[in-house]
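Novice: Encoded as structure tokens, here's the structure I'll be asking about.
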Amino acid sequence: MAVTNTSKSHLTVVGAPQAIHGPNPALAATGPGHAPATADGEEAREAATSRAPHPDAHQPAGPVSTLLLGDDWKQRLRTRRSLGGAAVYALFAIVINLAANQGWLPTVPVHQVSFVLLGMVAVFYGLLRSGLNRQFKDPSLTMPQILLPATVAAWMYTFSGPLRDGVLVILAPVLLFGFNHLRPSKVRLLSGYVLALMGVVMISLVHHDPKSYDMGKELVRFMLVAVVVVTMWQYTANDTEESSGLLHALGVLLFTEDPKQRLRIQRYMMAAANFVICTIVLAYAVSTGAVNETAGWWLGTYMMANVAVFYALLRTGLNLHFSDPSLTLPQIMVALTCVVWSYAILGESRGAALILLALVLMFGMFNLTARQTRMAAFFALCSQGLTMLFMATLAPERFPVRQEMVNFLFACTSLPTISVLSGQLTTLRHRLQSRKEELAHALERIQTLATRDELTGLFNRRHMMETLSLQKKFSDQGGRIFCVGILDIDHFKNVNDTHGHGVGDEVLRHFAQHAQSVMRDSDVIARWGGEEFLLMLTDCRLDQAEAGLERLREVINAAPMSDTVSGLRVTFSAGLTEQRYEETLDQTIERADQALYRAKRGGRNRTSAS
């Protein structure tokens with residue numbers, strides 16, 4: 001329902017108040033208890049409790065504590081925590097040396113690890129005790145103190161022999177400690193580093209000593225580490241922080257600075273990880289003789305080449321030239337060819353490839369249109385059928401016709417079903433998206449009605465009071481003066497009586513438009529009711545506000561106020577006052593209202609200041 005010039009606006013505000021224009025230092029104030037986004041570990045906790053100091057801050061340090069830990073309570077806290085970790089390292093060194101004395105571990109590498117642990121403790125203690133740690137972004141040196149034990153654990157894995165499962169157990173608390181004390185971006189860096197390091201170590205052991213290190217068992221161990229790492233990534237998947245320094249540079253190098261491109265590349269990394277895992281499994285199958293070596297290496301090369309090609313397309317931005325920048329359909333087509341190819345080279349276990357075929361199509365259900373899903377299903381069915389026919393003709397002893405017919409019937413049953421379900425899911429997704437857009441438009445409309453006068457587009461009375469309250473709070477805190485004025489169009493009733501309410505509405509709209517064109521960006525004007533408007537002028541004294549109103553008066557007096565009545569012009573009277581620290585907003589508005597009445601009694605078309 002439109003609000004005309006015969007009624008005052010009393011809409012209820014349901015949205016948040018609109019921010020006041022213009023700079024204000026109070027807007028930049030940080031609430032207590034909010035730690036900086038760049039703090040790690042104890043630094044974040046110290047910042048979060050800055051108004052409630054740590055108990056150590058007021059406890060006098062003894063001479064021994066001062067000698068060992070220093071005078072500053074924060075440095076003492078950091079050093080004490082580091083020494084706690086040193087005690088754990090010392091205990092660990094004792095245990096592995098006892099194991100070496102019993103002959104369970106080789107002596108020389110154990111002594112080397114013990115020496116490295118001792119040196120690591122000495123280096124960190126020296127950095128903390130000397131204060132050099134303060135030169136780093138994280139004075140607690142949390143990340144280095146986690147990366148080094150993880151590296152030592154991977155080193156121990158190379159010579160632990162039958163005890164190497166215990167090394168994987170040692171990695172668990174290291175990763176857990178990092179998960180609890182590092183920012184999400186560094187948790188990802190730590191988990192990725194551990195996964196890559198253990199993968200390289202395991203591959204090296206299998207390559208150099210295949211008799212002692214079975215590839216299948218090492219693959220199982222790698223999968224366990226991957227499960228832990230992926231779980232950590234999942235729990236940090238919603239992080240929106242901005243990294244800096246080395247992490248920021250590394251992120252830009254790998255993922256670019258474009259947020260959308262970063263998201264696409266990060267999602268692709270999940271698919272790339274699956275290709276890598278499949279390649280590792282394929283290598284194991286080749287090593288055991290389950291797959292022909294030439295065929296296996298060709299397929300592995302094909303998968304890794306596609307990983308590189310898609311990453312290059314995404315990283316260079318060439319994907320933006322396609323209608324789907326995520327390249328979902330091409331990725332699915334490539335994955336389908338890999339699955340069909342693996343079916344052709346596998347032996348009795350090739351039936352598992354059919355499950356992967358369905359899994360790839362299910363992945364496309366959430367990203368492809370119904371038509372694209374049908375295309376992918378048709379491609380999968382045709383390529384799988386032709387492969388089965390070709391292999392049954394080429395090697396009937398390995399691919400019996402009866403068994404291939406059963407497998408093909410299974411594919412004919414499952415793949416079209418997935419295609420139909422995908423079409424239904426796509427339709428549902430489009431409906432939900434349409435509903436979401438409708439709700440967003442409705443919410444925007446409600447918020448507009450709640451804060452705006454529908455006739456003039458200005459703030460309504462209720463929202464203007466909230467804006468004034470916020471401005472008074474800022475003014476009281478920062479000493480910024482603002483003025484309040486009430487403007488009333490002179491003889492507006494005569495306009496309605498002579499030309500009708502439609503022309504009166506035009507006058508109100510034109511008045512609001514011209515007023516907004518003259519005002520500063522930091523000033524706010526609202527329709528106060530009927531032909532009255534309330535004006536808030538920020539960061540100015542009374543004489544400056546009067547000068548501003550006179551500029552507005554010149555524009556209003558000269559501007560035509562109606563498109564239908566040629567030459568119709570109006571004037572306005574104004575009451576102006578300066579807000580005082582000791583009075584309420586109601587008192588200020590009342591003084592402005594009294595000043596307006598004096599302006600009207602004084603002959604109208606003038607400003608009265610109070």
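By convention in this document, the chains of the structure tokens carry letters A, B, ... by their order, each chain's residues are numbered from 1, and ligands are numbered from 1 in the order they are shown.
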Using only C-alpha atoms, determine which residues lie at most 10 Å from A:Gly161, disregarding the query and same-chain residues fewer than 5 positions distant; provide the list as a PyMOL selection string.
Specialist: chain A and resi 104-106+156+212-213
Novice: Considering only C-alpha atoms, state which residue in the set A:Met375, A:Ala411, A:Leu175, A:Val334 is at the smallest distance from A:Val307.
Specialist: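 Using only C-alpha atoms, the shortest distance to A:Val307 belongs to A:Val334.
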Novice: For the helix (DSSP H, G or I) assignment from backbone DSSP, which residues of stretch 134-226 of chain A qualify? Please present them as a PyMOL selection string.
Specialist: chain A and resi 134-135+142-157+161-181+184-208+215-226
Novice: For A:Leu313, list every protein, DNA or RNA residue within 12 Å, evaluated using only C-alpha atoms, and leave out those in the same chain fewer than 6 positions away; present the list as a PyMOL selection string.
Specialist: chain A and resi 255+261+264-265+268+306-307+319-322+325-327+330-331
Novice: Store the residues of this selection in a file with N, CA and C atoms, as a PDB file, in the first residue's frame.
Specialist:
```pdb
ATOM      1  N   PHE A 255      46.596 -21.413  -6.119  1.00  0.00           N
ATOM      2  CA  PHE A 255      45.160 -21.271  -6.344  1.00  0.00           C
ATOM      3  C   PHE A 255      44.745 -19.931  -6.951  1.00  0.00           C
ATOM      4  N   GLN A 261      37.996 -18.781  -8.645  1.00  0.00           N
ATOM      5  CA  GLN A 261      38.982 -19.709  -9.191  1.00  0.00           C
ATOM      6  C   GLN A 261      39.605 -20.553  -8.081  1.00  0.00           C
ATOM      7  N   ARG A 264      37.220 -23.309  -7.296  1.00  0.00           N
ATOM      8  CA  ARG A 264      37.200 -24.345  -8.336  1.00  0.00           C
ATOM      9  C   ARG A 264      38.434 -25.236  -8.253  1.00  0.00           C
ATOM     10  N   ILE A 265      39.596 -24.620  -8.054  1.00  0.00           N
ATOM     11  CA  ILE A 265      40.831 -25.407  -7.994  1.00  0.00           C
ATOM     12  C   ILE A 265      40.845 -26.285  -6.756  1.00  0.00           C
ATOM     13  N   TYR A 268      38.708 -29.156  -7.404  1.00  0.00           N
ATOM     14  CA  TYR A 268      39.356 -30.071  -8.348  1.00  0.00           C
ATOM     15  C   TYR A 268      40.426 -30.892  -7.649  1.00  0.00           C
ATOM     16  N   ASN A 306      46.097 -36.078 -17.341  1.00  0.00           N
ATOM     17  CA  ASN A 306      44.834 -35.354 -17.231  1.00  0.00           C
ATOM     18  C   ASN A 306      44.786 -34.490 -15.977  1.00  0.00           C
ATOM     19  N   VAL A 307      45.363 -34.992 -14.885  1.00  0.00           N
ATOM     20  CA  VAL A 307      45.452 -34.183 -13.671  1.00  0.00           C
ATOM     21  C   VAL A 307      46.203 -32.886 -13.964  1.00  0.00           C
ATOM     22  N   ASN A 319      39.917 -21.895 -18.350  1.00  0.00           N
ATOM     23  CA  ASN A 319      38.600 -22.480 -18.102  1.00  0.00           C
ATOM     24  C   ASN A 319      37.491 -21.438 -18.179  1.00  0.00           C
ATOM     25  N   LEU A 320      37.828 -20.163 -17.994  1.00  0.00           N
ATOM     26  CA  LEU A 320      36.814 -19.109 -18.007  1.00  0.00           C
ATOM     27  C   LEU A 320      36.239 -18.890 -19.399  1.00  0.00           C
ATOM     28  N   HIS A 321      36.860 -19.434 -20.415  1.00  0.00           N
ATOM     29  CA  HIS A 321      36.349 -19.306 -21.777  1.00  0.00           C
ATOM     30  C   HIS A 321      35.244 -20.323 -22.065  1.00  0.00           C
ATOM     31  N   PHE A 322      35.002 -21.256 -21.150  1.00  0.00           N
ATOM     32  CA  PHE A 322      33.973 -22.280 -21.337  1.00  0.00           C
ATOM     33  C   PHE A 322      32.689 -21.862 -20.618  1.00  0.00           C
ATOM     34  N   PRO A 325      32.833 -22.940 -16.180  1.00  0.00           N
ATOM     35  CA  PRO A 325      34.244 -22.751 -15.817  1.00  0.00           C
ATOM     36  C   PRO A 325      34.811 -23.862 -14.941  1.00  0.00           C
ATOM     37  N   SER A 326      33.950 -24.628 -14.276  1.00  0.00           N
ATOM     38  CA  SER A 326      34.443 -25.727 -13.439  1.00  0.00           C
ATOM     39  C   SER A 326      34.847 -26.948 -14.252  1.00  0.00           C
ATOM     40  N   LEU A 327      34.477 -26.968 -15.545  1.00  0.00           N
ATOM     41  CA  LEU A 327      34.829 -28.080 -16.450  1.00  0.00           C
ATOM     42  C   LEU A 327      34.342 -29.410 -15.889  1.00  0.00           C
ATOM     43  N   PRO A 330      33.720 -32.264 -18.804  1.00  0.00           N
ATOM     44  CA  PRO A 330      34.971 -32.854 -19.305  1.00  0.00           C
ATOM     45  C   PRO A 330      35.676 -33.712 -18.256  1.00  0.00           C
ATOM     46  N   GLN A 331      35.669 -33.285 -17.011  1.00  0.00           N
ATOM     47  CA  GLN A 331      36.311 -34.083 -15.966  1.00  0.00           C
ATOM     48  C   GLN A 331      35.613 -35.430 -15.792  1.00  0.00           C
TER      49      GLN A 331
END
```
Novice: Do a neighbour search on A:Gly296 at 8 Å with only C-alpha atoms, toss out local chain neighbours closer than 2 positions, and write the hits as a VMD selection string.
Specialist: chain A and resid 282 to 283 286 291 to 294 298 to 300 345
Novice: State, in Å with one decimal place, the distance from atom CA of A:Ala559 to atom CA of A:Thr577.
Specialist: 26.1 Å
Novice: Name the residues of stretch 347-497 of chain A that fall into strand (DSSP E) according to DSSP on the backbone, using the chain letters and numbers of this document, as number ranges by chain.
Specialist: A: 482-489
Novice: Generate the output file for the selected residues, C-alpha atoms, as a JSON list (two decimals), in the first residue's frame.
Specialist:
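Just written: part22.json:
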```json
[["chain", "number", "residue", "atom", "x", "y", "z"],
["A", 482, "PHE", "CA", 25.66, 17.06, 14.60],
["A", 483, "CYS", "CA", 22.61, 19.18, 13.85],
["A", 484, "VAL", "CA", 18.94, 18.28, 13.45],
["A", 485, "GLY", "CA", 16.51, 20.20, 11.28],
["A", 486, "ILE", "CA", 12.79, 19.87, 10.59],
["A", 487, "LEU", "CA", 11.66, 21.07, 7.16],
["A", 488, "ASP", "CA", 8.02, 21.85, 6.34],
["A", 489, "ILE", "CA", 6.75, 22.66, 2.83]]
```
Novice: Considering only C-alpha atoms, state which residue in the set A:Gly251, A:Gly423, A:Gly602, A:Pro109 is at the smallest distance from A:Arg188.
Specialist: A:Gly251
Novice: A:Ile556: which residues within 9 Å, counting only C-alpha atoms, same-chain residues fewer than 4 positions away excluded, as a PyMOL selection string?
Specialist: chain A and resi 511+514-515+551-552+560-561+569-572
Novice: Output N, CA, C and O atoms for every residue in the selection just made, as a PDB file, in the first residue's frame.
Specialist:
```
ATOM      1  N   PHE A 511      10.660  17.211  -4.072  1.00  0.00           N
ATOM      2  CA  PHE A 511      11.335  17.845  -2.944  1.00  0.00           C
ATOM      3  C   PHE A 511      12.406  16.917  -2.381  1.00  0.00           C
ATOM      4  O   PHE A 511      13.545  17.332  -2.098  1.00  0.00           O
ATOM      5  N   HIS A 514      15.463  16.645  -4.870  1.00  0.00           N
ATOM      6  CA  HIS A 514      16.325  17.828  -4.881  1.00  0.00           C
ATOM      7  C   HIS A 514      17.081  17.963  -3.564  1.00  0.00           C
ATOM      8  O   HIS A 514      18.259  18.381  -3.568  1.00  0.00           O
ATOM      9  N   ALA A 515      16.420  17.611  -2.461  1.00  0.00           N
ATOM     10  CA  ALA A 515      17.104  17.684  -1.170  1.00  0.00           C
ATOM     11  C   ALA A 515      18.281  16.718  -1.127  1.00  0.00           C
ATOM     12  O   ALA A 515      19.382  17.071  -0.668  1.00  0.00           O
ATOM     13  N   ARG A 551      21.580  26.846   0.943  1.00  0.00           N
ATOM     14  CA  ARG A 551      21.861  26.308  -0.396  1.00  0.00           C
ATOM     15  C   ARG A 551      20.696  25.440  -0.869  1.00  0.00           C
ATOM     16  O   ARG A 551      20.315  25.478  -2.043  1.00  0.00           O
ATOM     17  N   LEU A 552      20.149  24.641   0.044  1.00  0.00           N
ATOM     18  CA  LEU A 552      18.995  23.819  -0.302  1.00  0.00           C
ATOM     19  C   LEU A 552      17.798  24.698  -0.661  1.00  0.00           C
ATOM     20  O   LEU A 552      17.056  24.400  -1.608  1.00  0.00           O
ATOM     21  N   PRO A 560      11.231  23.326 -10.514  1.00  0.00           N
ATOM     22  CA  PRO A 560       9.820  22.950 -10.695  1.00  0.00           C
ATOM     23  C   PRO A 560       9.512  21.695  -9.887  1.00  0.00           C
ATOM     24  O   PRO A 560      10.307  20.763  -9.845  1.00  0.00           O
ATOM     25  N   MET A 561       8.340  21.678  -9.275  1.00  0.00           N
ATOM     26  CA  MET A 561       7.991  20.604  -8.353  1.00  0.00           C
ATOM     27  C   MET A 561       6.960  19.638  -8.918  1.00  0.00           C
ATOM     28  O   MET A 561       6.536  18.728  -8.210  1.00  0.00           O
ATOM     29  N   ARG A 569       6.014  25.851  -8.088  1.00  0.00           N
ATOM     30  CA  ARG A 569       7.171  25.924  -7.201  1.00  0.00           C
ATOM     31  C   ARG A 569       6.706  26.057  -5.776  1.00  0.00           C
ATOM     32  O   ARG A 569       5.600  26.554  -5.515  1.00  0.00           O
ATOM     33  N   VAL A 570       7.550  25.639  -4.846  1.00  0.00           N
ATOM     34  CA  VAL A 570       7.197  25.702  -3.431  1.00  0.00           C
ATOM     35  C   VAL A 570       8.379  26.270  -2.658  1.00  0.00           C
ATOM     36  O   VAL A 570       9.509  26.354  -3.167  1.00  0.00           O
ATOM     37  N   THR A 571       8.093  26.659  -1.437  1.00  0.00           N
ATOM     38  CA  THR A 571       9.125  27.067  -0.484  1.00  0.00           C
ATOM     39  C   THR A 571       8.997  26.214   0.760  1.00  0.00           C
ATOM     40  O   THR A 571       8.044  25.439   0.904  1.00  0.00           O
ATOM     41  N   PHE A 572       9.948  26.331   1.652  1.00  0.00           N
ATOM     42  CA  PHE A 572       9.859  25.560   2.894  1.00  0.00           C
ATOM     43  C   PHE A 572      10.371  26.393   4.060  1.00  0.00           C
ATOM     44  O   PHE A 572      11.203  27.301   3.894  1.00  0.00           O
TER      45      PHE A 572
END
```
Novice: Report, in Å with one decimal, the straight-line distance from atom CA of A:Leu219 to atom CA of A:Leu361.
Specialist: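 A separation of 26.4 Å between them.
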Novice: Just to confirm, what's the straight-line distance from atom CA of A:Pro149 to atom CA of A:Ile280 in Å (one decimal)?
Specialist: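 Atom-to-atom, atom CA of A:Pro149 to atom CA of A:Ile280, that is 26.8 Å.
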Novice: With only C-alpha atoms as the counted atoms, please give the residues lying no more than 12 Å from A:Ala87, apart from itself and same-chain residues fewer than 6 positions off, as a ChimeraX atom specification.
Specialist: /A:80-81,93-94,117-118,121
Novice: Pick out the closest residue to A:Gln75 from this set: A:Met120, A:Leu128, A:Leu432, A:Ala592. Count only C-alpha atoms.
Specialist: A:Leu128
